[in-house]
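Student: Structure file upload09.csv (CSV, C-alpha atoms) right here:
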chain,number,residue,atom,x,y,z
A,1,MET,CA,119.4,118.0,90.7
A,2,THR,CA,120.2,114.6,92.2
A,3,THR,CA,120.3,113.2,95.7
A,4,ALA,CA,122.0,110.3,97.5
A,5,ILE,CA,121.3,107.6,100.1
A,6,HIS,CA,123.8,106.1,102.6
A,7,GLN,CA,122.8,103.1,104.6
A,8,GLU,CA,124.8,100.6,106.8
A,9,VAL,CA,123.5,97.2,107.7
A,10,SER,CA,124.8,94.0,109.3
A,11,PHE,CA,123.8,90.4,108.5
A,12,LYS,CA,124.3,87.0,110.2
A,13,ALA,CA,126.0,85.6,107.1
A,14,LYS,CA,129.4,85.3,105.6
A,15,PRO,CA,130.6,88.1,103.2
A,16,LYS,CA,130.6,85.5,100.4
A,17,ASP,CA,126.9,84.8,101.0
A,18,VAL,CA,126.0,88.5,101.1
A,19,TYR,CA,127.9,89.1,97.8
A,20,LEU,CA,126.2,86.1,96.1
A,21,ALA,CA,122.8,87.2,97.3
A,22,LEU,CA,123.3,90.5,95.4
A,23,ILE,CA,125.1,89.2,92.3
A,24,ASP,CA,123.6,85.7,91.7
A,25,SER,CA,120.3,85.7,89.8
A,26,ASN,CA,118.7,82.8,91.6
A,27,ARG,CA,119.7,84.0,95.1
A,28,HIS,CA,118.6,87.6,94.4
A,29,THR,CA,115.3,86.3,93.1
A,30,ALA,CA,114.8,84.1,96.2
A,31,PHE,CA,115.6,86.8,98.8
A,32,THR,CA,113.7,89.7,97.3
A,33,LYS,CA,110.6,87.7,96.5
A,34,ASN,CA,109.6,90.3,93.9
A,35,GLY,CA,110.0,89.0,90.4
A,36,VAL,CA,112.9,87.4,88.5
A,37,ALA,CA,116.4,88.8,88.6
A,38,LYS,CA,118.9,88.3,85.7
A,39,ILE,CA,122.3,89.4,86.8
A,40,SER,CA,125.6,89.0,84.9
A,41,LYS,CA,128.6,88.2,87.1
A,42,LYS,CA,131.0,90.1,84.8
A,43,VAL,CA,132.1,93.7,84.8
A,44,GLY,CA,130.3,95.4,81.9
A,45,GLY,CA,127.5,92.8,82.1
A,46,VAL,CA,123.9,93.9,82.4
A,47,PHE,CA,121.3,93.1,85.1
A,48,THR,CA,117.6,93.3,85.7
A,49,ALA,CA,115.8,92.8,89.0
A,50,HIS,CA,112.3,93.0,90.3
A,51,GLY,CA,110.8,91.6,87.1
A,52,SER,CA,112.8,94.1,85.0
A,53,TYR,CA,111.6,97.2,86.9
A,54,ILE,CA,115.3,97.8,87.8
A,55,SER,CA,118.1,97.5,85.2
A,56,GLY,CA,121.7,98.5,84.9
A,57,ILE,CA,125.3,97.6,84.2
A,58,ASN,CA,128.0,96.2,86.5
A,59,LEU,CA,130.9,98.7,86.8
A,60,GLU,CA,133.1,97.0,89.4
A,61,LEU,CA,133.0,93.6,91.0
A,62,VAL,CA,135.5,92.6,93.7
A,63,GLU,CA,134.4,89.1,94.8
A,64,ASN,CA,133.0,89.0,98.3
A,65,LYS,CA,134.0,92.7,98.9
A,66,ARG,CA,132.5,95.2,96.5
A,67,ILE,CA,129.9,95.7,93.9
A,68,VAL,CA,129.4,99.0,91.9
A,69,GLN,CA,126.6,99.3,89.4
A,70,ALA,CA,125.0,101.9,87.1
A,71,TRP,CA,121.4,101.5,88.1
A,72,ARG,CA,118.0,102.9,87.0
A,73,GLY,CA,114.3,102.5,87.6
A,74,LYS,CA,112.1,101.7,84.6
A,75,ASN,CA,110.1,104.9,85.0
A,76,TRP,CA,113.1,107.2,85.0
A,77,PRO,CA,113.8,109.4,82.0
A,78,LYS,CA,115.6,107.5,79.2
A,79,GLY,CA,119.4,107.4,79.6
A,80,ILE,CA,119.4,108.5,83.3
A,81,TYR,CA,121.4,106.2,85.6
A,82,SER,CA,122.5,106.4,89.2
A,83,ILE,CA,125.4,104.6,90.9
A,84,VAL,CA,125.0,102.0,93.6
A,85,SER,CA,127.9,100.8,95.7
A,86,PHE,CA,127.8,97.8,98.0
A,87,LYS,CA,130.9,97.5,100.3
A,88,ILE,CA,131.0,94.2,102.0
A,89,SER,CA,133.2,93.3,105.0
A,90,LYS,CA,133.5,90.8,107.7
A,91,LYS,CA,132.2,91.9,111.1
A,92,GLY,CA,132.6,89.4,113.9
A,93,THR,CA,130.9,86.2,112.8
A,94,GLY,CA,128.7,88.1,110.3
A,95,THR,CA,129.0,90.8,107.6
A,96,LYS,CA,128.7,94.6,107.5
A,97,LEU,CA,127.4,96.1,104.3
A,98,ILE,CA,127.9,99.8,103.5
A,99,PHE,CA,125.6,101.0,100.8
A,100,ASP,CA,125.7,104.2,98.9
A,101,HIS,CA,123.3,105.2,96.1
A,102,THR,CA,124.3,108.5,94.3
A,103,GLY,CA,122.9,110.4,91.4
A,104,ILE,CA,119.3,109.7,92.2
A,105,PRO,CA,116.9,111.9,90.2
A,106,GLU,CA,115.1,114.5,92.3
A,107,GLY,CA,112.0,113.2,94.0
A,108,GLU,CA,113.0,109.6,94.0
A,109,ALA,CA,115.3,109.4,97.1
A,110,ALA,CA,112.7,108.9,99.9
A,111,HIS,CA,110.9,106.2,98.0
A,112,LEU,CA,114.2,104.4,97.2
A,113,ALA,CA,115.6,104.7,100.7
A,114,ASP,CA,112.5,103.0,102.1
A,115,GLY,CA,112.6,100.5,99.2
A,116,TRP,CA,116.2,99.5,99.9
A,117,LYS,CA,115.4,98.9,103.6
A,118,LYS,CA,112.1,96.9,102.9
A,119,MET,CA,113.0,95.1,99.7
A,120,TYR,CA,116.7,94.4,100.3
A,121,TRP,CA,118.0,94.7,103.9
A,122,ASP,CA,114.9,93.4,105.7
A,123,ARG,CA,114.4,90.6,103.2
A,124,MET,CA,118.0,89.7,103.1
A,125,ALA,CA,118.2,89.4,106.9
A,126,GLU,CA,115.1,87.1,106.8
A,127,TYR,CA,116.8,85.1,104.0
A,128,PHE,CA,119.9,84.5,106.1
A,129,THR,CA,117.9,83.3,109.2
Show me this structure written as structure tokens.
Tutor:
Amino acid sequence: MTTAIHQEVSFKAKPKDVYLALIDSNRHTAFTKNGVAKISKKVGGVFTAHGSYISGINLELVENKRIVQAWRGKNWPKGIYSIVSFKISKKGTGTKLIFDHTGIPEGEAAHLADGWKKMYWDRMAEYFT
């Protein structure tokens, strides 16, 4: 049994800056403030974030528009991945991000939904101010 998360957020930043915050190791490390991130900028490349607590593989990268990753938490059963999708678009002078996280193992969705808000969207908004 799996569950899903859908969230939509806006940032006072250009789509390029939002994209880079999610895919650039140094920027990701800076805005999350929760351990080192090592992120490949290539499809098929691997990534780790939050001091290797999160890991995965880049499935699709459309510069400044879309990121799709196979994503997993360190404590998940071996071989279990979910899919995260970041759809980035211009909204006025800023950016709208539509986020979907599917295939989440049962019992993890509430924790992850809160984590995405606190560890990503809130911190990213602060990073861009």
Student: Given the choices A:Lys87, A:Lys96, A:Arg72, A:Arg123, which gets closest to Glu108 in chain A if the distance is worked out from all atoms listed in the file?
Tutor: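 Closest candidate: A:Arg72.
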Student: Report as JSON lines the residues of range 47-109 of chain A within 7 Å of range 6-19 of chain A, each with its shortest atom pair and distance in Å (one decimal), using all atoms listed in the file, ordered by chain and increasing residue number.
Tutor:
{"residue": "A:Asn64", "atom": "CA", "partner": "A:Lys16", "partner_atom": "CA", "distance": 4.7}
{"residue": "A:Ile88", "atom": "CA", "partner": "A:Pro15", "partner_atom": "CA", "distance": 6.2}
{"residue": "A:Ser89", "atom": "CA", "partner": "A:Pro15", "partner_atom": "CA", "distance": 6.1}
{"residue": "A:Lys90", "atom": "CA", "partner": "A:Pro15", "partner_atom": "CA", "distance": 6.0}
{"residue": "A:Gly94", "atom": "CA", "partner": "A:Lys12", "partner_atom": "CA", "distance": 4.5}
{"residue": "A:Thr95", "atom": "CA", "partner": "A:Phe11", "partner_atom": "CA", "distance": 5.3}
{"residue": "A:Lys96", "atom": "CA", "partner": "A:Ser10", "partner_atom": "CA", "distance": 4.3}
{"residue": "A:Leu97", "atom": "CA", "partner": "A:Val9", "partner_atom": "CA", "distance": 5.3}
{"residue": "A:Ile98", "atom": "CA", "partner": "A:Glu8", "partner_atom": "CA", "distance": 4.6}
{"residue": "A:Phe99", "atom": "CA", "partner": "A:Gln7", "partner_atom": "CA", "distance": 5.2}
{"residue": "A:Asp100", "atom": "CA", "partner": "A:His6", "partner_atom": "CA", "distance": 4.6}
{"residue": "A:His101", "atom": "CA", "partner": "A:His6", "partner_atom": "CA", "distance": 6.6}
Student: Please list as a list in words every residue within 7 Å of Val36 in chain A, counting only C-alpha atoms and excluding residues in the same chain fewer than 6 positions away.
Tutor: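 Near Val36 in chain A, the qualifying residues are Thr29, Ala49, His50 and Gly51 of chain A.
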Student: Could you work out how far CA of Val84 in chain A lies from CA of Trp71 in chain A, giving the answer in Å with one decimal?
Tutor: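 Atom-to-atom, CA of Trp71 in chain A and CA of Val84 in chain A are spaced 6.6 Å apart.
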Student: For the point (116.3, 92.6, 101.1) in the file's frame, write as a PDB file with C-alpha atoms, in the coordinates of the input all residues with an atom no more than 12 Å away, counting all atoms listed in the file.
Tutor:
ATOM      1  CA  VAL A   9     123.500  97.200 107.700  1.00  0.00           C
ATOM      2  CA  SER A  10     124.800  94.000 109.300  1.00  0.00           C
ATOM      3  CA  PHE A  11     123.800  90.400 108.500  1.00  0.00           C
ATOM      4  CA  VAL A  18     126.000  88.500 101.100  1.00  0.00           C
ATOM      5  CA  ALA A  21     122.800  87.200  97.300  1.00  0.00           C
ATOM      6  CA  LEU A  22     123.300  90.500  95.400  1.00  0.00           C
ATOM      7  CA  ARG A  27     119.700  84.000  95.100  1.00  0.00           C
ATOM      8  CA  HIS A  28     118.600  87.600  94.400  1.00  0.00           C
ATOM      9  CA  THR A  29     115.300  86.300  93.100  1.00  0.00           C
ATOM     10  CA  ALA A  30     114.800  84.100  96.200  1.00  0.00           C
ATOM     11  CA  PHE A  31     115.600  86.800  98.800  1.00  0.00           C
ATOM     12  CA  THR A  32     113.700  89.700  97.300  1.00  0.00           C
ATOM     13  CA  LYS A  33     110.600  87.700  96.500  1.00  0.00           C
ATOM     14  CA  ASN A  34     109.600  90.300  93.900  1.00  0.00           C
ATOM     15  CA  HIS A  50     112.300  93.000  90.300  1.00  0.00           C
ATOM     16  CA  ASP A 114     112.500 103.000 102.100  1.00  0.00           C
ATOM     17  CA  GLY A 115     112.600 100.500  99.200  1.00  0.00           C
ATOM     18  CA  TRP A 116     116.200  99.500  99.900  1.00  0.00           C
ATOM     19  CA  LYS A 117     115.400  98.900 103.600  1.00  0.00           C
ATOM     20  CA  LYS A 118     112.100  96.900 102.900  1.00  0.00           C
ATOM     21  CA  MET A 119     113.000  95.100  99.700  1.00  0.00           C
ATOM     22  CA  TYR A 120     116.700  94.400 100.300  1.00  0.00           C
ATOM     23  CA  TRP A 121     118.000  94.700 103.900  1.00  0.00           C
ATOM     24  CA  ASP A 122     114.900  93.400 105.700  1.00  0.00           C
ATOM     25  CA  ARG A 123     114.400  90.600 103.200  1.00  0.00           C
ATOM     26  CA  MET A 124     118.000  89.700 103.100  1.00  0.00           C
ATOM     27  CA  ALA A 125     118.200  89.400 106.900  1.00  0.00           C
ATOM     28  CA  GLU A 126     115.100  87.100 106.800  1.00  0.00           C
ATOM     29  CA  TYR A 127     116.800  85.100 104.000  1.00  0.00           C
ATOM     30  CA  PHE A 128     119.900  84.500 106.100  1.00  0.00           C
TER      31      PHE A 128
END
Student: So that I can check the surroundings of Ile54 in chain A, please list as a list of chain:residue names every protein, DNA and RNA residue that reaches within 12 Å of it, counting only C-alpha atoms and ignoring chain neighbours fewer than 5 positions away.
Tutor: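 The contact residues come out as A:Asn34, A:Gly35, A:Val36, A:Ala37, A:Lys38, A:Ile39, A:Val46, A:Phe47, A:Thr48, A:Ala49, A:Gln69, A:Ala70, A:Trp71, A:Arg72, A:Gly73, A:Lys74, A:Asn75, A:Trp76, A:Tyr81, A:Ser82, A:Leu112.
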Student: So the first atom is CA of Ser85 in chain A and the second is CA of Val62 in chain A; what is the distance between them in Å, to one decimal place?
Tutor: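 Distance between the two atoms: 11.4 Å.
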Student: Residues at most 10 Å from Ala110 in chain A, counting only C-alpha atoms, excluding those fewer than 3 positions away in the same chain, as a list of chain:residue names?
Tutor: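 Everything that qualifies: A:Thr3, A:Ala4, A:Ile5, A:Glu106, A:Gly107, A:Ala113, A:Asp114, A:Gly115.
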Student: What is the CA of Lys42 in chain A-CA of Phe86 in chain A distance in Å, reported with one decimal?
Tutor: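 Computing the Euclidean distance for CA of Lys42 in chain A and CA of Phe86 in chain A yields 15.6 Å.
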Student: Calculated over only C-alpha atoms, which of the candidates A:Gly79, A:Gly103, A:Gly92, A:Gly56 has the smallest distance to Ser40 in chain A?
Tutor: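 Ranking A:Gly79, A:Gly103, A:Gly92, A:Gly56 by distance to Ser40 in chain A, first place goes to A:Gly56.
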Student: With all atoms listed in the file as the atoms that count, which of A:Ala109, A:Leu20, A:Ile80, A:Thr2 lies nearest to Arg66 in chain A?
Tutor: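 Ranked by minimum distance to Arg66 in chain A, first place goes to A:Leu20.
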Student: Would you save range 87-100 of chain A from the block above with N, CA and C atoms, as a short mmCIF file (atom, residue, chain, number, x, y, z; two decimals), in the first residue's frame?
Tutor:
data_model
loop_
_atom_site.label_atom_id
_atom_site.label_comp_id
_atom_site.auth_asym_id
_atom_site.auth_seq_id
_atom_site.Cartn_x
_atom_site.Cartn_y
_atom_site.Cartn_z
N LYS A 87 7.36 20.47 -10.85
CA LYS A 87 7.02 21.20 -12.08
C LYS A 87 7.15 22.68 -11.77
N ILE A 88 8.03 23.35 -12.50
CA ILE A 88 8.40 24.73 -12.22
C ILE A 88 7.91 25.62 -13.36
N SER A 89 7.21 26.70 -13.03
CA SER A 89 6.74 27.62 -14.07
C SER A 89 6.74 29.05 -13.56
N LYS A 90 6.85 29.96 -14.50
CA LYS A 90 6.83 31.39 -14.18
C LYS A 90 5.44 31.78 -13.73
N LYS A 91 5.36 32.58 -12.66
CA LYS A 91 4.09 33.10 -12.17
C LYS A 91 4.31 34.56 -11.80
N GLY A 92 3.84 35.47 -12.64
CA GLY A 92 4.08 36.89 -12.41
C GLY A 92 5.57 37.16 -12.43
N THR A 93 6.07 37.77 -11.36
CA THR A 93 7.51 38.03 -11.25
C THR A 93 8.23 36.92 -10.50
N GLY A 94 7.50 35.88 -10.12
CA GLY A 94 8.09 34.78 -9.36
C GLY A 94 7.90 33.44 -10.04
N THR A 95 7.81 32.41 -9.22
CA THR A 95 7.74 31.03 -9.71
C THR A 95 6.68 30.24 -8.96
N LYS A 96 5.95 29.42 -9.69
CA LYS A 96 5.03 28.46 -9.08
C LYS A 96 5.66 27.08 -9.20
N LEU A 97 5.64 26.33 -8.14
CA LEU A 97 6.15 24.97 -8.13
C LEU A 97 5.01 24.02 -7.77
N ILE A 98 4.77 23.06 -8.63
CA ILE A 98 3.78 22.01 -8.35
C ILE A 98 4.56 20.75 -8.04
N PHE A 99 4.34 20.22 -6.87
CA PHE A 99 5.11 19.09 -6.35
C PHE A 99 4.19 17.89 -6.16
N ASP A 100 4.61 16.75 -6.68
CA ASP A 100 3.90 15.49 -6.46
C ASP A 100 4.90 14.43 -6.01
#
